[in-house]
>>> print(open('start_3.txt').read())   # compact mmCIF, C-alpha atoms and all ligand atoms
# COMPACT_ATOMS: atom_id res chain seq x y z
CA MET A 211 -34.65 25.84 -6.80
CA GLU A 212 -34.54 27.72 -10.03
CA ALA A 213 -37.39 27.17 -12.47
CA ILE A 214 -36.10 25.72 -15.70
CA ILE A 215 -38.17 26.03 -18.82
CA GLY A 216 -37.61 25.68 -22.48
CA SER A 217 -34.45 26.10 -24.42
CA LEU A 218 -30.85 25.07 -24.34
CA TYR A 219 -29.95 28.39 -22.81
CA THR A 220 -30.96 30.09 -19.64
CA GLU A 221 -30.88 33.82 -19.10
CA ARG A 222 -29.39 33.79 -15.64
CA HIS A 223 -26.79 36.39 -16.38
CA MET A 224 -27.33 39.74 -18.03
CA ASN A 225 -24.61 41.94 -19.43
CA ASN A 226 -24.28 45.67 -18.74
CA THR A 227 -26.59 46.67 -21.59
CA HIS A 228 -29.26 44.26 -20.26
CA THR A 229 -29.00 42.12 -23.37
CA PRO A 230 -29.58 38.53 -22.30
CA MET A 231 -26.32 36.58 -22.31
CA PRO A 232 -26.98 32.96 -23.11
CA THR A 233 -25.59 30.62 -20.48
CA PRO A 234 -25.26 26.94 -21.27
CA ARG A 235 -27.22 24.50 -19.20
CA LYS A 236 -25.22 23.01 -16.35
CA ALA A 237 -24.83 19.35 -15.52
CA VAL A 238 -22.93 17.72 -12.71
CA ALA A 239 -21.37 14.36 -13.60
CA LEU A 240 -20.65 11.67 -11.01
CA ILE A 241 -17.01 10.85 -11.73
CA SER A 242 -15.76 7.57 -10.30
CA GLY A 243 -12.53 7.61 -12.26
CA GLY A 244 -13.61 4.72 -14.51
CA LEU A 245 -14.31 4.74 -18.23
CA ASP A 246 -18.11 4.89 -18.15
CA SER A 247 -18.42 8.08 -16.16
CA MET A 248 -15.70 9.65 -18.28
CA LEU A 249 -17.59 8.85 -21.48
CA ALA A 250 -20.93 10.00 -20.06
CA ALA A 251 -19.51 13.37 -19.06
CA ARG A 252 -17.77 13.85 -22.38
CA VAL A 253 -20.86 12.97 -24.43
CA ILE A 254 -22.87 15.64 -22.65
CA ALA A 255 -20.09 18.25 -22.70
CA ASP A 256 -19.86 17.68 -26.45
CA GLN A 257 -23.48 18.83 -26.70
CA GLY A 258 -22.57 22.28 -25.40
CA VAL A 259 -23.63 21.66 -21.79
CA HIS A 260 -21.38 23.04 -19.04
CA VAL A 261 -20.26 19.92 -17.16
CA GLU A 262 -18.51 19.76 -13.80
CA GLY A 263 -17.56 16.56 -12.02
CA ILE A 264 -18.28 15.42 -8.50
CA ASN A 265 -16.49 12.60 -6.74
CA PHE A 266 -17.35 11.21 -3.33
CA TYR A 267 -14.62 9.96 -1.03
CA THR A 268 -16.09 7.10 1.00
CA GLY A 269 -12.87 5.66 2.43
CA PHE A 270 -13.40 2.45 0.45
CA CYS A 271 -12.18 3.89 -2.83
CA VAL A 272 -9.55 1.94 -4.72
CA GLU A 273 -7.22 4.82 -5.34
CA GLY A 274 -3.57 3.95 -5.23
CA HIS A 275 -3.61 3.54 -1.42
CA THR A 276 -2.12 0.08 -1.36
CA HIS A 277 -0.02 0.81 -4.43
CA ALA A 278 1.48 3.77 -2.62
CA ILE A 279 2.35 1.60 0.39
CA ARG A 280 3.68 -1.59 -1.13
CA LYS A 281 7.17 -1.65 -2.55
CA LYS A 282 6.31 -4.23 -5.18
CA ASP A 283 3.59 -1.92 -6.52
CA ARG A 284 5.87 1.09 -6.74
CA ASP A 285 5.81 1.06 -10.51
CA LYS A 286 2.03 0.99 -10.64
CA ASP A 287 0.03 4.13 -11.26
CA LYS A 288 -0.67 6.15 -8.13
CA ARG A 289 -2.83 8.70 -9.79
CA ASN A 290 -6.20 9.71 -8.45
CA ASN A 291 -8.33 8.44 -11.32
CA ALA A 292 -11.19 10.88 -10.77
CA LEU A 293 -8.81 13.85 -10.92
CA TRP A 294 -7.09 12.36 -13.93
CA VAL A 295 -10.44 11.93 -15.73
CA ALA A 296 -11.39 15.52 -14.97
CA GLU A 297 -8.07 16.65 -16.37
CA GLN A 298 -8.64 14.62 -19.55
CA LEU A 299 -12.07 16.13 -19.95
CA GLY A 300 -10.95 19.63 -19.05
CA ILE A 301 -13.66 19.97 -16.41
CA LYS A 302 -13.68 21.12 -12.82
CA LEU A 303 -13.86 18.33 -10.23
CA HIS A 304 -15.39 18.67 -6.79
CA ILE A 305 -14.16 15.98 -4.38
CA ILE A 306 -16.43 15.61 -1.38
CA ASP A 307 -15.63 13.69 1.79
CA VAL A 308 -18.65 11.57 2.73
CA ILE A 309 -16.90 9.14 5.08
CA GLU A 310 -19.20 9.73 8.06
CA GLU A 311 -22.52 9.84 6.18
CA TYR A 312 -21.59 6.85 4.08
CA LYS A 313 -21.36 4.59 7.13
CA ASP A 314 -25.12 4.22 7.25
CA VAL A 315 -25.13 3.07 3.61
CA VAL A 316 -22.59 0.33 4.36
CA ILE A 317 -24.02 -0.72 7.69
CA ASN A 318 -27.77 -0.57 6.95
CA PRO A 319 -28.38 -0.90 3.21
CA ARG A 320 -32.13 -0.88 2.57
CA HIS A 321 -31.68 -2.88 -0.60
CA GLY A 322 -29.10 -5.27 0.80
CA TYR A 323 -25.65 -6.16 -0.45
CA GLY A 324 -24.31 -7.35 -3.77
CA GLN A 325 -22.04 -10.36 -4.02
CA HIS A 326 -19.93 -9.18 -1.07
CA LEU A 327 -20.46 -6.31 1.37
CA ASN A 328 -21.02 -3.87 -1.49
CA PRO A 329 -24.30 -2.01 -1.01
CA CYS A 330 -24.26 -0.82 -4.64
CA LEU A 331 -27.91 0.06 -5.03
CA ASP A 332 -28.08 2.11 -1.83
CA CYS A 333 -24.71 3.59 -2.72
CA LYS A 334 -26.00 4.84 -6.09
CA VAL A 335 -29.09 6.32 -4.46
CA PHE A 336 -26.91 7.99 -1.84
CA MET A 337 -24.46 9.43 -4.36
CA VAL A 338 -27.09 10.74 -6.75
CA HIS A 339 -28.96 12.22 -3.80
CA LYS A 340 -25.79 13.89 -2.49
CA ALA A 341 -24.91 15.14 -5.96
CA GLN A 342 -28.42 16.49 -6.35
CA ALA A 343 -28.39 18.24 -2.97
CA TRP A 344 -25.08 19.83 -3.91
CA ALA A 345 -26.04 20.64 -7.50
CA TRP A 346 -29.38 22.22 -6.67
CA MET A 347 -27.84 24.58 -4.12
CA GLU A 348 -28.53 28.18 -4.96
CA GLU A 349 -24.89 29.02 -5.49
CA HIS A 350 -24.38 26.07 -7.81
CA GLN A 351 -27.58 26.08 -9.86
CA PHE A 352 -26.99 22.95 -11.88
CA ASP A 353 -29.81 21.73 -14.07
CA PHE A 354 -29.33 18.00 -14.13
CA ILE A 355 -27.11 15.07 -13.08
CA ILE A 356 -25.18 12.63 -15.25
CA THR A 357 -23.99 9.16 -14.34
CA GLY A 358 -22.10 6.57 -16.37
CA GLU A 359 -24.57 3.80 -15.51
CA VAL A 360 -25.25 1.21 -18.19
CA ILE A 361 -28.30 -1.05 -18.06
CA GLY A 362 -27.35 -4.64 -17.33
CA GLN A 363 -23.73 -3.82 -16.54
CA ARG A 364 -23.99 -4.92 -12.92
CA PRO A 365 -26.35 -7.73 -11.90
CA LYS A 366 -27.93 -5.93 -8.98
CA SER A 367 -27.46 -2.19 -9.13
CA GLN A 368 -27.52 -1.52 -12.85
CA ARG A 369 -30.64 -3.29 -14.10
CA LYS A 370 -33.44 -1.74 -16.09
CA ALA A 371 -35.71 -2.03 -13.05
CA THR A 372 -33.28 -0.29 -10.71
CA MET A 373 -32.69 2.75 -12.92
CA PRO A 374 -36.06 4.38 -12.07
CA LEU A 375 -35.65 3.30 -8.44
CA ILE A 376 -32.36 5.20 -8.16
CA ALA A 377 -33.89 8.25 -9.85
CA ARG A 378 -36.91 8.16 -7.55
CA GLU A 379 -35.26 7.37 -4.22
CA SER A 380 -32.46 9.88 -4.76
CA GLY A 381 -35.01 12.62 -5.46
CA ALA A 382 -33.36 13.49 -8.77
CA ASP A 383 -36.27 11.99 -10.77
CA ASP A 384 -36.17 12.99 -14.43
CA ARG A 385 -33.17 15.23 -13.93
CA LEU A 386 -30.99 12.15 -13.77
CA LEU A 387 -29.57 11.32 -17.19
CA ARG A 388 -27.55 8.23 -18.12
CA PRO A 389 -26.14 9.19 -21.50
CA LEU A 390 -24.74 5.73 -22.26
CA SER A 391 -28.09 3.98 -21.85
CA ALA A 392 -30.50 6.90 -22.32
CA ARG A 393 -32.13 5.55 -25.44
CA ASN A 394 -33.17 2.42 -23.58
CA LEU A 395 -34.88 4.52 -20.92
CA PRO A 396 -37.78 6.98 -20.95
CA PRO A 397 -36.74 10.52 -21.97
CA THR A 398 -35.53 12.64 -19.07
CA LEU A 399 -36.13 16.35 -18.57
CA PRO A 400 -32.90 17.43 -20.33
CA GLU A 401 -33.97 15.43 -23.36
CA LYS A 402 -37.60 16.55 -23.28
CA GLU A 403 -36.60 20.18 -22.96
CA GLY A 404 -34.05 19.92 -25.73
CA TRP A 405 -31.07 20.76 -23.51
CA VAL A 406 -29.49 17.64 -24.95
CA ASP A 407 -30.24 15.80 -28.16
CA ARG A 408 -31.50 12.28 -27.36
CA GLU A 409 -30.45 11.11 -30.82
CA ARG A 410 -26.84 11.77 -29.89
CA LEU A 411 -27.07 9.64 -26.75
CA PHE A 412 -26.56 5.87 -26.61
CA ASP A 413 -28.41 2.61 -26.04
CA PHE A 414 -25.66 0.55 -24.45
CA HIS A 415 -26.75 -2.40 -22.35
CA GLY A 416 -25.33 -5.60 -20.93
CA ARG A 417 -22.01 -6.62 -19.50
CA SER A 418 -19.95 -6.29 -22.65
CA ARG A 419 -17.47 -3.42 -22.51
CA LYS A 420 -17.06 -3.37 -26.29
CA PRO A 421 -19.36 -0.41 -27.03
CA GLN A 422 -17.61 1.69 -24.36
CA ILE A 423 -14.16 0.79 -25.69
CA GLU A 424 -15.26 1.67 -29.22
CA LEU A 425 -16.74 4.97 -28.08
CA ALA A 426 -13.55 5.74 -26.15
CA ALA A 427 -11.50 5.15 -29.29
CA LYS A 428 -13.86 7.33 -31.33
CA LEU A 429 -13.53 10.13 -28.80
CA GLY A 430 -9.74 9.79 -28.78
CA PHE A 431 -9.29 8.34 -25.30
CA GLU A 432 -6.41 5.91 -25.33
CA ASP A 433 -5.68 5.63 -21.65
CA PHE A 434 -8.43 4.98 -19.15
CA SER A 435 -9.05 3.07 -15.97
CA GLN A 436 -11.20 -0.06 -15.88
CA PRO A 437 -10.78 -1.45 -12.39
CA SER A 438 -11.65 -5.14 -12.59
CA GLY A 439 -13.22 -5.31 -9.13
CA GLY A 440 -15.23 -2.14 -9.54
CA CYS A 441 -14.64 1.21 -7.95
CA CYS A 442 -14.25 0.26 -4.32
CA PHE A 443 -12.87 -2.30 -1.90
CA LEU A 444 -16.37 -3.38 -0.88
CA THR A 445 -16.61 -5.45 -4.06
CA ASP A 446 -13.48 -7.34 -3.03
CA LYS A 447 -14.14 -10.77 -1.49
CA SER A 448 -11.27 -10.80 0.99
CA TYR A 449 -11.80 -7.19 2.02
CA SER A 450 -15.48 -7.88 2.71
CA LYS A 451 -14.51 -10.95 4.73
CA ARG A 452 -12.26 -8.79 6.89
CA LEU A 453 -14.98 -6.22 7.41
CA ALA A 454 -17.47 -8.94 8.39
CA ASP A 455 -14.87 -10.32 10.83
CA LEU A 456 -14.38 -6.86 12.33
CA TRP A 457 -18.11 -6.51 12.95
CA GLN A 458 -18.43 -9.99 14.36
CA SER A 459 -15.50 -9.59 16.74
CA ARG A 460 -16.87 -6.31 18.07
CA GLY A 461 -20.41 -7.57 18.33
CA ARG A 462 -21.66 -4.52 16.46
CA ARG A 463 -21.68 -3.23 12.92
CA ASP A 464 -19.74 0.00 12.83
CA TYR A 465 -16.32 1.25 11.90
CA GLU A 466 -13.97 4.18 12.11
CA PHE A 467 -11.91 5.49 9.23
CA ASP A 468 -8.71 3.88 10.55
CA ASP A 469 -10.46 0.50 10.76
CA ILE A 470 -11.31 0.48 7.09
CA MET A 471 -7.87 1.71 6.07
CA LEU A 472 -6.16 -1.04 8.09
CA LEU A 473 -8.36 -3.68 6.44
CA LYS A 474 -6.60 -2.82 3.17
CA VAL A 475 -3.12 -3.53 4.49
CA GLY A 476 -1.14 -6.59 5.56
CA ARG A 477 -1.92 -10.16 6.46
CA HIS A 478 -4.74 -10.54 8.99
CA LEU A 479 -4.97 -13.47 11.41
CA ARG A 480 -7.38 -14.04 14.27
CA PRO A 481 -5.91 -16.74 16.55
CA ARG A 482 -8.48 -16.09 19.30
CA PRO A 483 -11.91 -14.48 19.07
CA HIS A 484 -10.78 -11.51 21.17
CA TYR A 485 -7.74 -10.47 19.17
CA LYS A 486 -6.42 -10.12 15.67
CA ILE A 487 -2.89 -9.61 14.32
CA VAL A 488 -2.15 -7.43 11.31
CA ILE A 489 1.29 -8.36 9.93
CA GLY A 490 3.06 -6.25 7.33
CA ARG A 491 3.93 -8.23 4.22
CA GLU A 492 6.86 -6.06 3.29
CA GLU A 493 8.77 -2.95 4.26
CA GLY A 494 6.22 -0.46 2.95
CA GLU A 495 3.40 -2.11 4.88
CA ASN A 496 5.57 -2.41 8.02
CA ASN A 497 6.25 1.32 7.83
CA TYR A 498 2.58 2.09 7.32
CA LEU A 499 1.52 -0.11 10.25
CA SER A 500 4.16 1.40 12.54
CA GLY A 501 2.32 4.71 12.14
CA TYR A 502 -0.33 3.13 14.41
CA ARG A 503 2.15 2.14 17.15
CA HIS A 504 0.59 4.58 19.64
CA ASP A 505 -2.87 3.03 19.20
CA PHE A 506 -2.20 -0.72 19.30
CA PRO A 507 0.21 -3.17 20.93
CA THR A 508 2.95 -3.88 18.40
CA ILE A 509 5.33 -6.76 17.74
CA LYS A 510 8.56 -6.41 15.80
CA THR A 511 11.13 -9.12 15.17
CA ILE A 512 14.57 -7.80 16.09
CA SER A 513 16.92 -10.76 15.79
CA HIS A 514 15.74 -11.28 12.22
CA LYS A 515 14.39 -8.83 9.69
CA GLY A 516 11.05 -8.80 8.11
CA ALA A 517 8.04 -8.52 10.35
CA PHE A 518 6.11 -5.79 12.11
CA ALA A 519 2.61 -6.33 13.41
CA LEU A 520 -0.25 -4.60 15.20
CA VAL A 521 -2.39 -6.49 17.67
CA ASP A 522 -6.03 -5.46 17.76
CA GLY A 523 -7.98 -6.45 20.88
CA GLU A 524 -7.73 -6.58 24.66
CA VAL A 525 -4.74 -8.85 25.03
CA THR A 526 -2.90 -10.49 27.92
CA ASP A 527 0.85 -11.06 28.00
CA ASP A 528 0.19 -14.70 27.06
CA ASP A 529 -1.79 -13.57 24.01
CA LEU A 530 1.11 -11.35 22.99
CA ARG A 531 3.56 -14.23 23.38
CA GLN A 532 1.37 -16.36 21.10
CA ALA A 533 1.09 -13.47 18.65
CA ALA A 534 4.87 -13.00 18.71
CA ALA A 535 5.38 -16.66 17.72
CA ILE A 536 3.02 -16.14 14.78
CA VAL A 537 4.71 -12.90 13.74
CA ALA A 538 8.12 -14.62 13.93
CA ARG A 539 6.84 -17.12 11.39
CA TYR A 540 6.61 -14.27 8.88
CA SER A 541 10.12 -12.94 9.56
CA GLN A 542 13.39 -14.10 8.07
CA GLY A 543 13.80 -16.16 11.24
CA ARG A 544 10.98 -18.55 10.39
CA ASP A 545 13.38 -21.53 10.20
CA SER A 546 15.34 -20.57 13.31
CA ASP A 547 14.79 -22.15 16.69
CA GLN A 548 14.34 -18.80 18.36
CA VAL A 549 13.46 -15.30 17.30
CA GLN A 550 13.71 -12.22 19.47
CA THR A 551 10.75 -9.88 19.31
CA GLN A 552 10.13 -6.44 20.72
CA ILE A 553 6.66 -5.86 22.12
CA THR A 554 5.19 -2.45 22.90
CA ARG A 555 1.91 -1.38 24.36
CA PRO A 556 0.27 2.04 23.95
CA GLY A 557 1.05 4.33 26.88
CA GLN A 558 4.08 2.30 27.93
CA PRO A 559 7.76 2.99 27.18
CA VAL A 560 8.32 3.00 23.43
CA CYS A 561 11.24 0.57 23.77
CA GLY A 562 8.76 -2.02 25.07
CA TYR A 563 10.13 -5.36 26.24
CA ILE A 564 11.87 -8.28 24.59
CA VAL A 565 10.29 -11.70 24.24
CA THR A 566 12.10 -14.64 22.67
CA VAL A 567 9.86 -17.16 20.92
CA ALA A 568 10.01 -20.24 18.75
CA PRO A 569 8.41 -19.31 15.42
CA MET A 570 5.18 -21.18 14.77
CA SER A 571 5.34 -23.60 11.90
CA GLY A 572 2.91 -23.40 8.99
CA ASP A 573 1.16 -26.53 10.32
CA GLU A 574 0.48 -24.84 13.63
CA ILE A 575 -1.42 -22.02 11.96
CA PRO A 576 -4.83 -23.30 10.90
CA SER A 577 -6.32 -21.76 7.78
CA SER A 578 -9.34 -20.68 9.85
CA TRP A 579 -7.11 -18.07 11.54
CA TYR A 580 -6.63 -16.19 8.29
CA VAL A 581 -9.11 -13.39 7.85
S1 LIG B 1 -18.80 -0.63 -6.13
FE1 LIG B 1 -18.67 0.57 -4.24
S2 LIG B 1 -18.69 2.71 -4.91
FE2 LIG B 1 -19.39 1.47 -6.64
S3 LIG B 1 -21.63 1.45 -6.42
FE3 LIG B 1 -20.88 -0.38 -5.38
S4 LIG B 1 -20.65 0.22 -3.25
FE4 LIG B 1 -20.79 2.12 -4.47
>>> encode(input="start_3.txt", output="structure tokens")
Amino acid sequence: MEAIIGSLYTERHMNNTHTPMPTPRKAVALISGGLDSMLAARVIADQGVHVEGINFYTGFCVEGHTHAIRKKDRDKDKRNNALWVAEQLGIKLHIIDVIEEYKDVVINPRHGYGQHLNPCLDCKVFMVHKAQAWAWMEEHQFDFIITGEVIGQRPKSQRKATMPLIARESGADDRLLRPLSARNLPPTLPEKEGWVDRERLFDFHGRSRKPQIELAAKLGFEDFSQPSGGCCFLTDKSYSKRLADLWQSRGRRDYEFDDIMLLKVGRHLRPRPHYKIVIGREEGENNYLSGYRHDFPTIKTISHKGAFALVDGEVTDDDLRQAAAIVARYSQGRDSDQVQTQITRPGQPVCGYIVTVAPMSGDEIPSSWYV
């Protein structure tokens, strides 16, 4: 790692006449795509620091995935918020796939979960650590890390007591700067060394978003993302319930990328402990689910429009017949006496076989089946 001493400028680069060329200090900003990280990056860039963004793709990110699939959401924004923020700030953004490494954070969080299966504290430590490992690399030579954390914003992960814990456990120590709450925290290296002016940082704290909104207006940001459930699906109650169900049904806590994508889509029912049905709620979801037809048994209603489903588990023909009756309930044939369904199994002819069923009534589907 490069030794960093003194002034706002380093002398890493020399010009041809060997006159030192001042190079601004470099900071890497964790960009989630939300308002706070956008403000934090901007505040530091405004102090003459060279800022680049880093965004980690965990697979749980709330990034237009379901909006892109569902017809009713077609008018909603499908932008990648992190990229959009970087564009607003005029900074480079590095998007890094951490899907595999992140599994351990979700499955074995040392500091436990938040309200749902969101391991926010471990997640912050992980992300700052990853950012630090990337930023300190010889070819990158960043000097410090910025996050948009605000003391008291989140009950578990963003408390005054957890701020030093994240800095310590990530290994970033006093090279981790939270510009929005910096004046409520001990001075960090960038402040002590004068790379940034502490007086021009902020002392935001608590759950109110008012100071951030005011700062955004002052800085001229009119459009920004403030996802209500946070930055990932793990803060979502029903998503977490589905993930817990997945782990319980498999008897082990792990997942593959496709598992966590499928948890975002459709209606999920578990009529028996050994199998689950994922039913598309509309055409877009049906199309998305049909992309998995080579991996799962599928059920499609053919006498009536409307339903396509995947069946996850080791199923018998009787199970599939029961599943078909449930799927028929969600087709346009729900009030008919009989609905024809087409059932396929992976590795068998794609045309499958036809099963005619009586759609289950709402009363026959206990609420405990819904995952
Ligand atoms: S909401 Fe998700 S991405 Fe954000 S800190 Fe928590 S676990 Fe990490």
>>> closest_residue(input="start_3.txt", among="A:Gly362, A:Val238, A:Cys330, A:Asp446", to="A:Trp346", atoms="only C-alpha atoms")
A:Val238
>>> residues_near_ligand(input="start_3.txt", ligand="ligand LIG 1 (chain B)", cutoff="7 Å", atoms="all atoms listed in the file", output="JSON, numbers by chain")
{"A": [271, 328, 329, 330, 331, 333, 334, 440, 441, 442, 443, 444, 445]}
>>> residues_around(input="start_3.txt", residues="stretch 515-521 of chain A", least_positions_apart="5", cutoff="7 Å", atoms="only C-alpha atoms", output="number ranges by chain")
A: 485-490, 492, 496, 499, 506-510, 537, 540-542
>>> closest_atom_pairs(input="start_3.txt", of="stretch 478-509 of chain A", to="stretch 557-562 of chain A", cutoff="9 Å", atoms="all atoms listed in the file", output="tab-separated table")
residue	atom	partner	partner_atom	distance
A:Arg503	CA	A:Val560	CA	8.8
A:His504	CA	A:Gly557	CA	7.3
A:Asp505	CA	A:Gly557	CA	8.7
>>> atom_distance(input="start_3.txt", atom1="atom CA of A:Phe270", atom2="atom CA of A:Arg462")
19.3 Å
>>> residues_around(input="start_3.txt", residues="A:Asp464", least_positions_apart="2", cutoff="12 Å", atoms="only C-alpha atoms", output="CSV table (one decimal) with C-alpha atoms, in the frame of the given file")
chain,number,residue,atom,x,y,z
A,310,GLU,CA,-19.2,9.7,8.1
A,312,TYR,CA,-21.6,6.8,4.1
A,313,LYS,CA,-21.4,4.6,7.1
A,314,ASP,CA,-25.1,4.2,7.2
A,315,VAL,CA,-25.1,3.1,3.6
A,316,VAL,CA,-22.6,0.3,4.4
A,317,ILE,CA,-24.0,-0.7,7.7
A,318,ASN,CA,-27.8,-0.6,7.0
A,453,LEU,CA,-15.0,-6.2,7.4
A,454,ALA,CA,-17.5,-8.9,8.4
A,455,ASP,CA,-14.9,-10.3,10.8
A,456,LEU,CA,-14.4,-6.9,12.3
A,457,TRP,CA,-18.1,-6.5,13.0
A,458,GLN,CA,-18.4,-10.0,14.4
A,459,SER,CA,-15.5,-9.6,16.7
A,460,ARG,CA,-16.9,-6.3,18.1
A,461,GLY,CA,-20.4,-7.6,18.3
A,462,ARG,CA,-21.7,-4.5,16.5
A,466,GLU,CA,-14.0,4.2,12.1
A,467,PHE,CA,-11.9,5.5,9.2
A,468,ASP,CA,-8.7,3.9,10.6
A,469,ASP,CA,-10.5,0.5,10.8
A,470,ILE,CA,-11.3,0.5,7.1
>>> closest_residue(input="start_3.txt", among="A:Gly416, A:Pro396, A:Pro389, A:Gly404", to="A:Arg369", atoms="all atoms listed in the file")
A:Gly416
